[in-house]
Structure formats: structure tokens, C-alpha cells
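What follows is upload-v4.tsv (TSV, C-alpha atoms and all ligand atoms).
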```
chain	number	residue	atom	x	y	z
A	49	MET	CA	-3.67	-0.76	-17.11
A	50	LEU	CA	-6.78	-2.48	-15.77
A	51	ARG	CA	-7.20	-2.90	-12.05
A	52	ARG	CA	-8.07	-6.47	-11.12
A	53	TYR	CA	-11.72	-6.80	-10.13
A	54	THR	CA	-12.08	-7.51	-6.41
A	55	ASN	CA	-14.90	-7.72	-3.88
A	56	GLU	CA	-15.41	-4.78	-1.58
A	57	VAL	CA	-14.70	-5.66	2.04
A	58	MET	CA	-15.66	-3.39	4.94
A	59	ILE	CA	-12.87	-2.95	7.48
A	60	GLY	CA	-14.55	-1.06	10.32
A	61	ASN	CA	-15.98	2.05	8.68
A	62	LEU	CA	-13.61	2.10	5.71
A	63	PRO	CA	-14.17	-0.13	2.66
A	64	LEU	CA	-11.33	-1.85	0.86
A	65	GLY	CA	-11.17	-3.36	-2.63
A	66	GLY	CA	-13.69	-2.90	-5.45
A	67	GLU	CA	-13.61	0.67	-6.74
A	68	ASN	CA	-12.16	2.10	-3.54
A	69	PRO	CA	-8.79	3.87	-3.57
A	70	ILE	CA	-5.85	1.63	-2.80
A	71	ARG	CA	-5.59	1.93	0.97
A	72	VAL	CA	-2.46	2.71	2.93
A	73	GLN	CA	-1.70	1.05	6.23
A	74	SER	CA	1.00	0.66	8.84
A	75	MET	CA	1.65	-1.20	12.07
A	76	THR	CA	2.52	-0.11	15.60
A	77	THR	CA	5.88	-1.04	17.11
A	78	LEU	CA	5.01	-0.84	20.83
A	79	PRO	CA	3.66	-3.61	23.08
A	80	THR	CA	-0.12	-3.69	22.61
A	81	THR	CA	-0.44	-3.63	26.41
A	82	ASP	CA	0.99	-0.06	26.34
A	83	THR	CA	-2.37	1.64	25.85
A	84	GLN	CA	-1.23	5.27	25.88
A	85	GLY	CA	1.88	4.60	23.83
A	86	CYS	CA	-0.13	2.76	21.16
A	87	ILE	CA	-2.79	5.46	21.04
A	88	ALA	CA	-0.13	8.16	20.52
A	89	GLN	CA	1.62	6.11	17.83
A	90	ILE	CA	-1.62	5.31	16.00
A	91	LYS	CA	-2.52	9.01	15.99
A	92	ARG	CA	0.83	9.81	14.36
A	93	ILE	CA	0.20	7.15	11.70
A	94	VAL	CA	-3.30	8.51	11.03
A	95	ASP	CA	-2.09	12.13	10.98
A	96	ALA	CA	0.46	11.10	8.33
A	97	GLY	CA	-2.37	9.63	6.19
A	98	GLY	CA	-2.53	5.98	7.38
A	99	GLU	CA	-5.99	4.50	6.83
A	100	TYR	CA	-5.73	1.24	8.79
A	101	VAL	CA	-3.43	0.37	11.68
A	102	ARG	CA	-2.32	-3.13	12.69
A	103	LEU	CA	-1.20	-4.10	16.17
A	104	THR	CA	0.45	-7.29	17.29
A	105	THR	CA	-1.65	-9.48	19.59
A	106	GLN	CA	0.65	-12.26	20.74
A	107	GLY	CA	-1.50	-13.22	23.73
A	108	GLU	CA	-4.93	-12.79	25.24
A	109	ARG	CA	-3.90	-9.70	27.24
A	110	GLU	CA	-2.89	-7.88	24.06
A	111	ALA	CA	-6.07	-8.95	22.25
A	112	LEU	CA	-8.24	-7.77	25.14
A	113	ASN	CA	-6.40	-4.44	25.34
A	114	LEU	CA	-7.51	-3.58	21.79
A	115	LYS	CA	-10.77	-2.54	23.41
A	116	ASN	CA	-9.04	0.13	25.55
A	117	ILE	CA	-6.95	1.36	22.64
A	118	LYS	CA	-10.02	1.62	20.40
A	119	SER	CA	-12.04	3.52	22.99
A	120	GLY	CA	-9.12	5.90	23.71
A	121	LEU	CA	-8.80	6.65	20.02
A	122	LEU	CA	-12.54	7.21	19.60
A	123	ARG	CA	-12.55	9.54	22.61
A	124	ASP	CA	-9.89	11.63	20.84
A	125	GLY	CA	-11.78	11.62	17.53
A	126	TYR	CA	-9.72	8.95	15.74
A	127	ASP	CA	-12.08	6.41	14.21
A	128	VAL	CA	-9.41	4.41	12.42
A	129	PRO	CA	-9.99	0.69	11.77
A	130	LEU	CA	-7.70	-1.52	13.87
A	131	ILE	CA	-6.29	-4.85	12.74
A	132	ALA	CA	-5.06	-7.56	15.11
A	133	ASP	CA	-2.01	-9.55	14.05
A	134	VAL	CA	-2.14	-13.13	15.31
A	135	HIS	CA	0.46	-15.90	15.17
A	136	PHE	CA	0.65	-19.33	16.83
A	137	ASN	CA	-2.54	-19.01	18.85
A	138	ALA	CA	-5.98	-19.63	17.37
A	139	ARG	CA	-7.63	-18.78	20.70
A	140	VAL	CA	-6.14	-15.26	20.56
A	141	ALA	CA	-7.68	-14.79	17.10
A	142	ASP	CA	-11.10	-15.63	18.58
A	143	ILE	CA	-10.68	-12.91	21.24
A	144	ALA	CA	-9.18	-10.35	18.86
A	145	ALA	CA	-12.16	-10.85	16.53
A	146	LEU	CA	-14.40	-9.40	19.25
A	147	TYR	CA	-12.55	-6.06	19.36
A	148	ALA	CA	-10.60	-5.58	16.13
A	149	ASP	CA	-12.07	-4.59	12.76
A	150	LYS	CA	-9.95	-7.21	11.02
A	151	VAL	CA	-7.87	-10.15	12.24
A	152	ARG	CA	-4.79	-11.27	10.37
A	153	ILE	CA	-3.91	-14.91	10.73
A	154	ASN	CA	-0.86	-16.64	9.33
A	155	PRO	CA	-1.69	-19.99	7.67
A	156	GLY	CA	1.81	-21.19	8.49
A	157	ASN	CA	1.15	-21.18	12.21
A	158	TYR	CA	-2.61	-20.83	12.77
A	159	ILE	CA	-2.93	-24.44	13.93
A	160	ASP	CA	0.18	-26.03	12.48
A	161	PRO	CA	2.98	-26.08	15.08
A	162	ALA	CA	6.08	-23.89	14.91
A	163	ARG	CA	8.32	-24.75	12.03
A	164	LYS	CA	11.07	-27.20	12.93
A	165	PHE	CA	12.30	-27.82	9.38
A	166	LEU	CA	11.22	-31.45	9.66
A	167	HIS	CA	10.26	-33.48	6.64
A	168	LEU	CA	6.87	-34.97	7.49
A	169	GLU	CA	5.46	-37.93	5.65
A	170	TYR	CA	1.67	-37.93	5.31
A	171	THR	CA	-0.52	-40.45	3.54
A	172	ASP	CA	-3.28	-38.81	1.52
A	173	GLU	CA	-5.77	-39.78	4.25
A	174	GLU	CA	-3.61	-38.21	6.95
A	175	TYR	CA	-3.17	-35.04	4.91
A	176	THR	CA	-6.93	-34.80	4.34
A	177	SER	CA	-7.56	-35.25	8.02
A	178	GLU	CA	-5.12	-32.38	8.79
A	179	LEU	CA	-7.11	-30.18	6.41
A	180	LYS	CA	-10.33	-31.19	8.19
A	181	ARG	CA	-8.78	-30.23	11.53
A	182	LEU	CA	-7.81	-26.86	10.03
A	183	GLU	CA	-11.33	-26.33	8.67
A	184	ASP	CA	-13.07	-27.18	11.95
A	185	ARG	CA	-10.90	-24.76	13.92
A	186	PHE	CA	-10.98	-21.98	11.34
A	187	VAL	CA	-14.77	-22.14	10.98
A	188	ALA	CA	-15.11	-21.40	14.70
A	189	LEU	CA	-13.19	-18.13	14.08
A	190	LEU	CA	-15.22	-17.32	10.97
A	191	ASN	CA	-18.42	-17.66	12.98
A	192	ILE	CA	-17.18	-15.17	15.57
A	193	CYS	CA	-16.14	-12.81	12.77
A	194	LYS	CA	-19.56	-13.11	11.11
A	195	ALA	CA	-21.30	-12.26	14.38
A	196	HIS	CA	-19.08	-9.20	14.98
A	197	HIS	CA	-18.64	-7.97	11.38
A	198	THR	CA	-14.92	-8.56	11.64
A	199	ALA	CA	-12.91	-9.12	8.49
A	200	ILE	CA	-10.05	-11.62	8.11
A	201	ARG	CA	-6.71	-11.39	6.39
A	202	ILE	CA	-5.14	-14.64	5.30
A	203	GLY	CA	-1.56	-13.43	5.51
A	204	VAL	CA	1.06	-15.90	4.26
A	205	ASN	CA	4.73	-15.22	4.92
A	206	HIS	CA	7.32	-17.03	2.86
A	207	GLY	CA	9.48	-17.31	5.98
A	208	SER	CA	6.87	-19.10	8.09
A	209	LEU	CA	5.43	-21.85	5.92
A	210	SER	CA	4.53	-24.88	8.00
A	211	ASP	CA	6.52	-28.12	7.88
A	212	ARG	CA	3.33	-29.76	6.57
A	213	ILE	CA	3.20	-27.51	3.49
A	214	MET	CA	6.97	-27.54	3.00
A	215	SER	CA	7.05	-31.35	3.12
A	216	ARG	CA	4.42	-31.68	0.43
A	217	TYR	CA	5.22	-28.71	-1.86
A	218	GLY	CA	8.77	-27.74	-0.96
A	219	ASP	CA	9.91	-24.15	-0.43
A	220	THR	CA	8.28	-23.01	-3.66
A	221	PRO	CA	5.80	-20.39	-4.85
A	222	ALA	CA	3.38	-23.31	-5.37
A	223	GLY	CA	3.64	-24.15	-1.64
A	224	ILE	CA	3.21	-20.51	-0.64
A	225	VAL	CA	0.08	-20.23	-2.78
A	226	GLU	CA	-1.39	-23.53	-1.61
A	227	SER	CA	-0.98	-22.54	2.03
A	228	CYS	CA	-3.21	-19.55	1.26
A	229	MET	CA	-5.69	-21.43	-0.95
A	230	GLU	CA	-6.38	-24.00	1.78
A	231	PHE	CA	-7.82	-21.24	3.94
A	232	LEU	CA	-9.60	-19.45	1.11
A	233	ARG	CA	-11.45	-22.65	0.13
A	234	VAL	CA	-12.78	-22.88	3.69
A	235	CYS	CA	-13.97	-19.25	3.50
A	236	VAL	CA	-15.79	-19.94	0.22
A	237	LYS	CA	-17.29	-23.22	1.47
A	238	HIS	CA	-18.69	-21.46	4.54
A	239	ASN	CA	-19.78	-18.36	2.62
A	240	PHE	CA	-17.45	-15.98	4.49
A	241	LYS	CA	-16.76	-13.05	2.19
A	242	ASP	CA	-14.95	-10.43	4.28
A	243	VAL	CA	-11.51	-11.71	3.37
A	244	VAL	CA	-8.31	-9.98	2.31
A	245	VAL	CA	-5.26	-11.99	1.23
A	246	SER	CA	-1.55	-11.40	1.20
A	247	ILE	CA	1.64	-13.21	0.40
A	248	LYS	CA	4.80	-11.52	1.58
A	249	ALA	CA	8.46	-12.32	1.23
A	250	SER	CA	11.61	-10.30	1.76
A	251	ASN	CA	12.81	-11.39	-1.67
A	252	THR	CA	10.98	-9.22	-4.21
A	253	ILE	CA	11.21	-11.88	-6.95
A	254	VAL	CA	9.57	-14.52	-4.72
A	255	MET	CA	6.96	-12.02	-3.54
A	256	VAL	CA	5.98	-10.86	-7.04
A	257	GLU	CA	5.94	-14.38	-8.52
A	258	SER	CA	3.93	-15.83	-5.61
A	259	VAL	CA	1.29	-13.09	-5.70
A	260	ARG	CA	0.90	-13.37	-9.47
A	261	ARG	CA	0.49	-17.13	-9.08
A	262	LEU	CA	-2.04	-16.69	-6.27
A	263	VAL	CA	-4.08	-14.35	-8.48
A	264	ARG	CA	-4.09	-16.95	-11.27
A	265	GLU	CA	-5.23	-19.64	-8.80
A	266	MET	CA	-7.96	-17.40	-7.39
A	267	ASP	CA	-9.15	-16.51	-10.90
A	268	LYS	CA	-9.41	-20.22	-11.78
A	269	SER	CA	-11.58	-20.72	-8.69
A	270	ASP	CA	-13.65	-17.58	-9.39
A	271	MET	CA	-12.40	-15.93	-6.17
A	272	HIS	CA	-12.14	-12.15	-6.08
A	273	PHE	CA	-10.66	-11.45	-2.69
A	274	PRO	CA	-8.82	-8.11	-2.42
A	275	LEU	CA	-5.06	-8.17	-2.02
A	276	HIS	CA	-2.77	-6.61	0.54
A	277	LEU	CA	0.75	-6.05	-0.81
A	278	GLY	CA	4.03	-5.70	1.01
A	279	VAL	CA	7.68	-6.68	1.03
A	280	THR	CA	8.58	-8.02	4.48
A	281	GLU	CA	11.78	-7.02	6.25
A	282	ALA	CA	12.45	-4.48	3.52
A	283	GLY	CA	15.00	-2.74	5.77
A	284	GLU	CA	15.30	1.00	6.26
A	285	GLY	CA	16.42	4.16	4.53
A	286	GLU	CA	16.84	4.24	0.78
A	287	ASP	CA	17.31	0.45	0.46
A	288	GLY	CA	14.01	-0.28	2.22
A	289	ARG	CA	12.16	2.28	0.14
A	290	LEU	CA	13.56	1.00	-3.15
A	291	LYS	CA	12.88	-2.64	-2.33
A	292	SER	CA	9.29	-1.83	-1.34
A	293	ALA	CA	8.79	0.28	-4.46
A	294	VAL	CA	10.05	-2.52	-6.71
A	295	GLY	CA	7.96	-5.32	-5.12
A	296	ILE	CA	4.76	-3.40	-4.51
A	297	GLY	CA	5.08	-1.20	-7.60
A	298	THR	CA	5.54	-4.13	-9.99
A	299	LEU	CA	2.28	-5.73	-8.85
A	300	LEU	CA	0.41	-2.41	-8.84
A	301	LEU	CA	1.41	-1.99	-12.48
A	302	ASP	CA	-0.12	-5.44	-13.14
A	303	GLY	CA	-3.38	-3.99	-11.78
A	304	ILE	CA	-3.03	-6.08	-8.60
A	305	GLY	CA	-3.36	-4.68	-5.08
A	306	ASP	CA	-6.04	-3.06	-2.93
A	307	THR	CA	-4.04	-2.02	0.14
A	308	ILE	CA	-0.32	-1.66	0.73
A	309	ARG	CA	2.02	-1.61	3.66
A	310	VAL	CA	5.60	-0.46	3.31
A	311	SER	CA	7.54	-2.26	6.07
A	312	LEU	CA	10.46	-0.12	7.21
A	313	SER	CA	12.68	-0.50	10.27
A	314	GLU	CA	11.78	3.10	11.16
A	315	ALA	CA	8.99	4.94	13.01
A	316	PRO	CA	5.76	3.59	11.44
A	317	GLU	CA	4.50	7.03	10.37
A	318	LYS	CA	7.58	7.24	8.10
A	319	GLU	CA	6.08	4.43	6.01
A	320	ILE	CA	3.06	6.44	4.95
A	321	PRO	CA	4.65	9.02	2.60
A	322	VAL	CA	6.61	6.19	0.93
A	323	ALA	CA	3.37	4.27	0.36
A	324	TYR	CA	1.70	7.29	-1.22
A	325	GLY	CA	4.81	7.90	-3.30
A	326	ILE	CA	4.60	4.36	-4.71
A	327	LEU	CA	0.91	4.81	-5.50
A	328	GLN	CA	1.61	8.14	-7.20
A	329	ALA	CA	4.54	6.79	-9.23
A	330	THR	CA	2.42	3.87	-10.47
A	331	HIS	CA	-0.53	6.21	-11.16
A	332	THR	CA	-2.74	3.99	-9.02
A	333	ARG	CA	-3.71	6.72	-6.55
A	334	ILE	CA	-2.95	10.33	-7.36
A	335	THR	CA	-2.39	12.43	-4.27
A	336	HIS	CA	-0.29	15.31	-5.53
A	337	THR	CA	0.68	17.23	-8.63
A	338	GLU	CA	3.18	15.36	-10.77
A	339	PHE	CA	6.34	17.15	-11.86
A	340	ILE	CA	8.17	16.04	-14.95
A	341	SER	CA	11.62	17.56	-15.24
A	342	CYS	CA	14.69	16.75	-17.25
A	343	PRO	CA	17.97	15.96	-15.50
A	344	GLY	CA	19.68	18.94	-17.16
A	345	CYS	CA	22.73	18.81	-19.38
A	346	GLY	CA	25.11	21.11	-21.22
A	347	ARG	CA	22.16	22.60	-23.10
A	348	THR	CA	20.27	23.68	-19.94
A	349	LEU	CA	19.44	27.38	-20.20
A	350	TYR	CA	18.65	28.33	-16.58
A	351	ASN	CA	19.11	27.17	-13.00
A	352	LEU	CA	16.96	24.08	-13.29
A	353	GLN	CA	17.07	22.90	-9.68
A	354	ASP	CA	16.16	26.28	-8.12
A	355	THR	CA	13.33	26.75	-10.61
A	356	ILE	CA	11.90	23.28	-9.89
A	357	GLN	CA	11.88	24.09	-6.16
A	358	GLN	CA	10.23	27.46	-6.77
A	359	ILE	CA	7.44	25.91	-8.86
A	360	LYS	CA	6.96	22.94	-6.54
A	361	HIS	CA	6.60	25.29	-3.59
A	362	THR	CA	3.56	26.82	-5.28
A	363	PHE	CA	1.86	23.45	-5.29
A	364	ALA	CA	2.76	22.61	-1.71
A	365	GLU	CA	0.51	23.33	1.24
A	366	VAL	CA	1.66	26.92	1.76
A	367	THR	CA	-0.34	29.42	3.80
A	368	ASP	CA	-0.43	32.27	1.25
A	369	PRO	CA	-3.66	31.64	-0.71
A	370	GLN	CA	-2.21	33.50	-3.69
A	371	LEU	CA	0.43	30.83	-3.99
A	372	ARG	CA	-1.70	27.80	-3.20
A	373	LEU	CA	-2.26	25.43	-6.12
A	374	GLY	CA	-2.02	22.23	-4.08
A	375	HIS	CA	-5.67	21.39	-4.85
A	376	LEU	CA	-4.71	20.82	-8.51
A	377	SER	CA	-3.29	17.42	-7.69
A	378	HIS	CA	-4.36	15.89	-11.01
A	379	LEU	CA	-2.02	18.11	-13.06
A	380	LYS	CA	1.30	17.22	-14.63
A	381	ILE	CA	3.73	20.12	-14.82
A	382	ALA	CA	6.86	19.85	-16.94
A	383	ILE	CA	10.03	21.84	-16.27
A	384	MET	CA	12.49	21.31	-19.11
A	385	GLY	CA	15.96	22.78	-19.53
A	386	CYS	CA	15.84	23.53	-23.24
A	387	ILE	CA	13.71	23.74	-26.34
A	388	VAL	CA	15.67	21.10	-28.26
A	389	ASN	CA	14.18	18.05	-26.58
A	390	GLY	CA	11.92	19.61	-23.96
A	391	PRO	CA	8.57	19.89	-25.79
A	392	GLY	CA	8.76	16.35	-27.19
A	393	GLU	CA	9.76	14.72	-23.93
A	394	MET	CA	7.11	16.46	-21.86
A	395	ALA	CA	4.39	15.38	-24.29
A	396	ASP	CA	1.74	14.32	-21.77
A	397	ALA	CA	2.19	17.29	-19.40
A	398	ASP	CA	-0.67	19.74	-18.87
A	399	TYR	CA	1.61	22.77	-18.58
A	400	GLY	CA	5.25	23.25	-19.44
A	401	TYR	CA	8.11	25.62	-18.56
A	402	VAL	CA	10.84	25.32	-21.15
A	403	GLY	CA	14.17	27.10	-21.61
A	404	ALA	CA	13.93	28.89	-24.99
A	405	ALA	CA	17.18	30.91	-25.18
A	406	ALA	CA	19.63	32.46	-22.74
A	407	GLY	CA	17.45	34.13	-20.04
A	408	LYS	CA	14.25	33.37	-21.98
A	409	ILE	CA	11.48	30.87	-21.22
A	410	SER	CA	8.55	29.59	-23.26
A	411	LEU	CA	5.37	28.37	-21.58
A	412	TYR	CA	3.19	25.56	-22.88
A	413	LYS	CA	-0.39	24.54	-22.34
A	414	GLY	CA	-0.48	20.94	-23.45
A	415	LYS	CA	1.45	20.82	-26.71
A	416	GLU	CA	0.74	24.45	-27.58
A	417	CYS	CA	3.31	27.20	-26.90
A	418	VAL	CA	1.23	30.01	-25.37
A	419	GLU	CA	3.97	32.44	-24.21
A	420	LYS	CA	7.17	32.67	-26.21
A	421	ASN	CA	10.56	33.96	-25.06
A	422	ILE	CA	9.47	35.72	-21.89
A	423	PRO	CA	12.17	36.95	-19.49
A	424	GLN	CA	13.13	34.30	-17.00
A	425	SER	CA	12.55	36.70	-14.07
A	426	GLN	CA	8.82	36.74	-14.88
A	427	ALA	CA	8.40	33.18	-16.06
A	428	VAL	CA	7.39	31.37	-12.85
A	429	GLU	CA	4.79	34.03	-12.10
A	430	LYS	CA	3.43	33.81	-15.65
A	431	LEU	CA	3.24	30.00	-15.43
A	432	ILE	CA	1.19	30.28	-12.24
A	433	GLU	CA	-1.11	32.87	-13.88
A	434	LEU	CA	-1.59	30.53	-16.80
A	435	ILE	CA	-2.44	27.56	-14.58
A	436	LYS	CA	-4.82	29.64	-12.47
A	437	LYS	CA	-6.56	30.87	-15.61
A	438	TYR	CA	-7.23	27.45	-17.16
A	439	ALA	CA	-6.92	24.70	-14.60
A	440	THR	CA	-9.96	23.43	-12.76
A	441	PRO	CA	-9.80	21.07	-9.79
A	442	GLY	CA	-9.74	17.43	-10.97
B	1	LIG	S1	15.56	18.77	-22.15
B	1	LIG	FE1	17.31	19.89	-22.99
B	1	LIG	S2	18.40	20.59	-21.15
B	1	LIG	FE2	17.05	18.98	-20.47
B	1	LIG	S3	18.33	17.15	-20.54
B	1	LIG	FE3	17.18	17.25	-22.48
B	1	LIG	S4	18.59	18.29	-23.89
B	1	LIG	FE4	19.36	18.68	-21.80
```

Can you give me the file's structure in the form of C-alpha cells?
Amino acid sequence: MLRRYTNEVMIGNLPLGGENPIRVQSMTTLPTTDTQGCIAQIKRIVDAGGEYVRLTTQGEREALNLKNIKSGLLRDGYDVPLIADVHFNARVADIAALYADKVRINPGNYIDPARKFLHLEYTDEEYTSELKRLEDRFVALLNICKAHHTAIRIGVNHGSLSDRIMSRYGDTPAGIVESCMEFLRVCVKHNFKDVVVSIKASNTIVMVESVRRLVREMDKSDMHFPLHLGVTEAGEGEDGRLKSAVGIGTLLLDGIGDTIRVSLSEAPEKEIPVAYGILQATHTRITHTEFISCPGCGRTLYNLQDTIQQIKHTFAEVTDPQLRLGHLSHLKIAIMGCIVNGPGEMADADYGYVGAAAGKISLYKGKECVEKNIPQSQAVEKLIELIKKYATPG
């Protein structure tokens, strides 16, 4: 899998795109006027591993308060880039650009009025003049961003396309993409490079198809803006996690995506482990040791589930240094119930623990069996010895 080439964009002190790891972000759920509440929530997101945090700025008061939130965080040693989320008010974006590290605007409502589901008829001249109005207003924001080193996200939502776009393109992936391209062309024309793009939808099929189409359009125009991926309104619990994994994971496997946000109807810090899990499962950002284990069946020769937990514990952040192997995050460890299919199915593992006979385990280093038929009671310890002997930090 080849990662799509993208420009590097600085968001505060943390670069995004290019060769940088795929970044993980979340969003606060409190009013942005609640300074202390937001600071506490942002700290929880950062402590969980969040690398950027977005806050809603629905009015000027919220945009101005970003300054207090930022200084409170810095005072407490949290230098996390903050992103302002703006809808329906271009003036708020201008203010937010003074204090935030990145401003997200929604093309569907940046200057176009709230959607009324009206079919609007434009002549070509009228349509062109609407685009000129958009450009003139947007360039004023780009100039503020240039002066303050603030990045922009052009963040399209399927659910908030303007009546203007819907009337001309319909409710289609082509309309979603065009609503983004209109803004990107202005950025290119005015040589503004610090741009991230996103297209989100709650329907994973629409989301995946629209983003793929946007990438094709950008490629045709020689644009290499980094992409932010997310499934909107994904829900909560297992459903929300699965939906996010399907939408985001599919595009990551295409090599598309430079930052992700998993949107869950839960405390925002809960989104972070899910995001890292998706990155790990798609092998796009390895953060922990990978365990390959069979589901078990009638051939299983030992208590598979207990053994998996015992071995995983060794790789977790435990306090006993004798047990700690968590730094070997690049490894793949296989735990297989039997010798019949185990060695073949764990082919790309670095080390393997395989049931050999009743009460007996064989240990593998790569494809080679290095310890045959050892008593099960000693096998986990022997596996750890083996890993400690050969494995070097990745
Ligand atoms: S590896 Fe062996 S024990 Fe595990 S599922 Fe396959 S056949 Fe069953």
C-alpha cells in the first residue's frame, strides 16, 4: 500500500501530512465560553493521546475565548494545537484565525445562507458572480491566516450542502466534491498552501465514494492537500466504532488520509483509543505490539484465552521491569491453539506460541521452531526469554 503524497501543513507546532504519522484528533463537547471546563476536557483528550483538539466557535465570544483557553493550557504545560470550528459566520472565522492554529470552515454555509431545500435557478453569469462573491470573502480570511500562520480546513459535510450547489449538482458525490473544489481553487489561485480538506457523511458508502472522487479531482488539478477523515454522527458504543472503522479504515487502506477523527456520542477522550486502533488495524500507524491468535476450536490444546491475556499483559505498560516488553511495539506475536494449522496461519509473525500436544507447547522465531514440546507451565516464560534474547526495539 502506498500512502498518497500530500503537502506538509504546520498546525501550530505539530506538522500534518507529508511523511508525518497520521494524526489523531478529537473535539470538545462543552461551550467554548466555559474556559475551565474546556481546559480540563482538552487535557483529558491530550492525556489519552489526542494530537489536535477542535472547539466549536459559533459566535465572536467563543472565538475570542480561544485565547484564554490556549493560555490556560500553555500555563499547565499543554501545547496542543487548537482548531476553531466555524459555521454560518465568516466574521467569526476572521476572529478565530487570530487565536486558533487552524480554522475549519464549512463550504455549505461559509457565505451561502442556511439550507432551505429550495431549488435555485442561476444563469451561468449569476453562478459565476456567486463564485466571485465567495472568492472575495474567502480571500479576506486567507490573508488573516497568512499573517498569523493559521491553517484552514475546508470541511464539507454531506448534510449541509448549500441550496446553490444542490440546485446545480443535486445531492450527489459530484456536488459534494465540487463544493470543496470551489474553495480549493481559490486557495491555489491566491497561493495559500496551509490547507487540509475533508468530506464527511454519516453514510459510509457516500463518505468513501466522495473522498475517493475528491482525491481524483485534486490529482487532476495537481493539488496535494492533506486529508482529514471521519464518519459524522457515527453514533456510540460498538456501532459507532464499527462504522468509523469501516469508513476511515477503507480509505486508509487506499493510502488516503493524514489525520482522523472518530466521532462518537461519548466523552471525547474515548475516541482516541478507537482512532489508534483503526490506525493499528490498517497498519498505517503502529502504536502497539500486534497479537495474532486463532479463535480456537476442537483441536485447541490449552486454555487459549487465559494464555493470550497472560502474554498480552507482558507487553502492556506494567510496572515490573522484568515483565515490560511494551517498547517492542513493532512485533507481531502469534498465539495458536494447535500445530495442525497454527504455523501456516501465523506465517508473518515474529514469534509464535503454538500448542504441540496435550500440555506441550512449541515456540517459533519467524518460521523456525526453536523450542519443541516444552511443558505448558514454562512456555510463557520461555517465550518472553526468547523475545528478550532476540528482539530489538523497532
Ligand atoms: S490453529 Fe488449530 S486450534 Fe486454532 S482454530 Fe486453527 S485448527 Fe483450531

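If one restricts the calculation to only C-alpha atoms and all ligand atoms, the set of residues situated within 7 Å of ligand LIG 1 (chain B) consists of Cys342, Pro343, Gly344, Cys345, Gly346, Arg347, Thr348, Leu349, Met384, Gly385, Cys386, Ile387, Val388, Asn389 and Gly390 of chain A.
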
Edge lengths and centre, in Å to one decimal, as JSON: that's what I need for the box along x, y and z that holds all listed atoms of segment 155-173 of chain A plus 3 Å on each side.
```
{"center_x": 3.3, "center_y": -30.2, "center_z": 8.3, "size_x": 24.1, "size_y": 26.5, "size_z": 19.6}
```

(request) Mind giving me the straight-line distance from atom CA of Leu112 of chain A to atom CA of Thr81 of chain A in Å, one decimal? (result)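 Answer for the atom CA of Leu112 of chain A to atom CA of Thr81 of chain A separation: 8.9 Å.
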
Can you check which parts of segment 118-195 of chain A lie within 8 Å of segment 226-249 of chain A? Per residue, the shortest pair of atoms and distance in Å to one decimal, counting all atoms listed in the file, sorted by chain and number, as a tab-separated table.
```
residue	atom	partner	partner_atom	distance
A:Pro155	CA	A:Ser227	CA	6.2
A:Gly156	CA	A:Ser227	CA	7.2
A:Leu179	CA	A:Glu230	CA	7.8
A:Glu183	CA	A:Val234	CA	6.2
A:Phe186	CA	A:Val234	CA	7.9
A:Val187	CA	A:His238	CA	7.6
A:Leu190	CA	A:Phe240	CA	7.0
A:Lys194	CA	A:Phe240	CA	7.5
```

(request) Show which residues sit within 12 Å of segment 280-296 of chain A, as a ChimeraX atom specification. Count all atoms listed in the file, and ignore same-chain residues fewer than 3 positions away. (result) /A:70,203-208,246-260,275-277,299-316,318-330,332

(request) Rank nothing, just name the residue among A:Met58, A:Ala96, A:Ile213, A:Val72 nearest to Ala199 of chain A, using all atoms listed in the file. (result)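 Under the stated criterion, the closest residue is A:Met58.
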
(message) As an exercise, work out the distance from atom CA of Thr80 of chain A to atom CA of Val57 of chain A in Å and give it to one decimal place.
(response)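 Calculated distance between atom CA of Thr80 of chain A and atom CA of Val57 of chain A is 25.3 Å.
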
(message) Set the distance at 10 Å and use only C-alpha atoms: which residues neighbour His167 of chain A once local chain neighbours fewer than 4 positions away are removed? I'd like the list as an MDAnalysis selection string.
(response) chainID A and resid 211:216 218

(request) Neighbourhood query: residues within 12 Å of (-5.6, -32.8, 6.7), file coordinates, counting only C-alpha atoms; return as a PyMOL selection string. (result) chain A and resi 159-160+170-184+212-213+216+230

(request) May I have the protein, DNA and RNA residues with any atom at most 10 Å from the point (-0.4, 23.8, -27.2), counting only C-alpha atoms, written as a list of chain:residue names? (result)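 Neighbouring residues, ordered by chain and number, come to A:Pro391, A:Asp398, A:Tyr399, A:Gly400, A:Leu411, A:Tyr412, A:Lys413, A:Gly414, A:Lys415, A:Glu416, A:Cys417, A:Val418.
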
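In this structure, atom CA of Thr76 of chain A sits 8.6 Å away from atom CA of Ile93 of chain A.
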
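Of the listed residues (A:Leu352, A:Leu209, A:Ile202, A:Leu168), A:Leu209 comes nearest to Ala222 of chain A; the distances count all atoms listed in the file.
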
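For the residues A:Ile432, A:Ala188, A:Lys408, A:Val94, ranking by smallest atom-to-atom distance to Gly125 of chain A using all atoms listed in the file places A:Val94 first.
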
(request) Kindly indicate which residue among A:Ala406, A:Ile59, A:Leu189, A:Ile117 lies nearest to Arg71 of chain A, using only C-alpha atoms for the distances. (result) A:Ile59

(message) Taking all atoms listed in the file into account, name the residue in A:Pro161, A:Pro221, A:Gly60, A:Pro423 that is nearest to His196 of chain A.
(response) A:Gly60

(message) Just want the 8 Å neighbourhood of Val151 of chain A, counted on only C-alpha atoms, with same-chain residues fewer than 4 positions away dropped. Output as an MDAnalysis selection string.
(response) chainID A and resid 131:134 141 144:145 198:201

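Proximity to Tyr126 of chain A was assessed for A:Arg185, A:Arg92, A:Arg264, A:Arg152 counting all atoms listed in the file; the smallest distance is recorded for A:Arg92.
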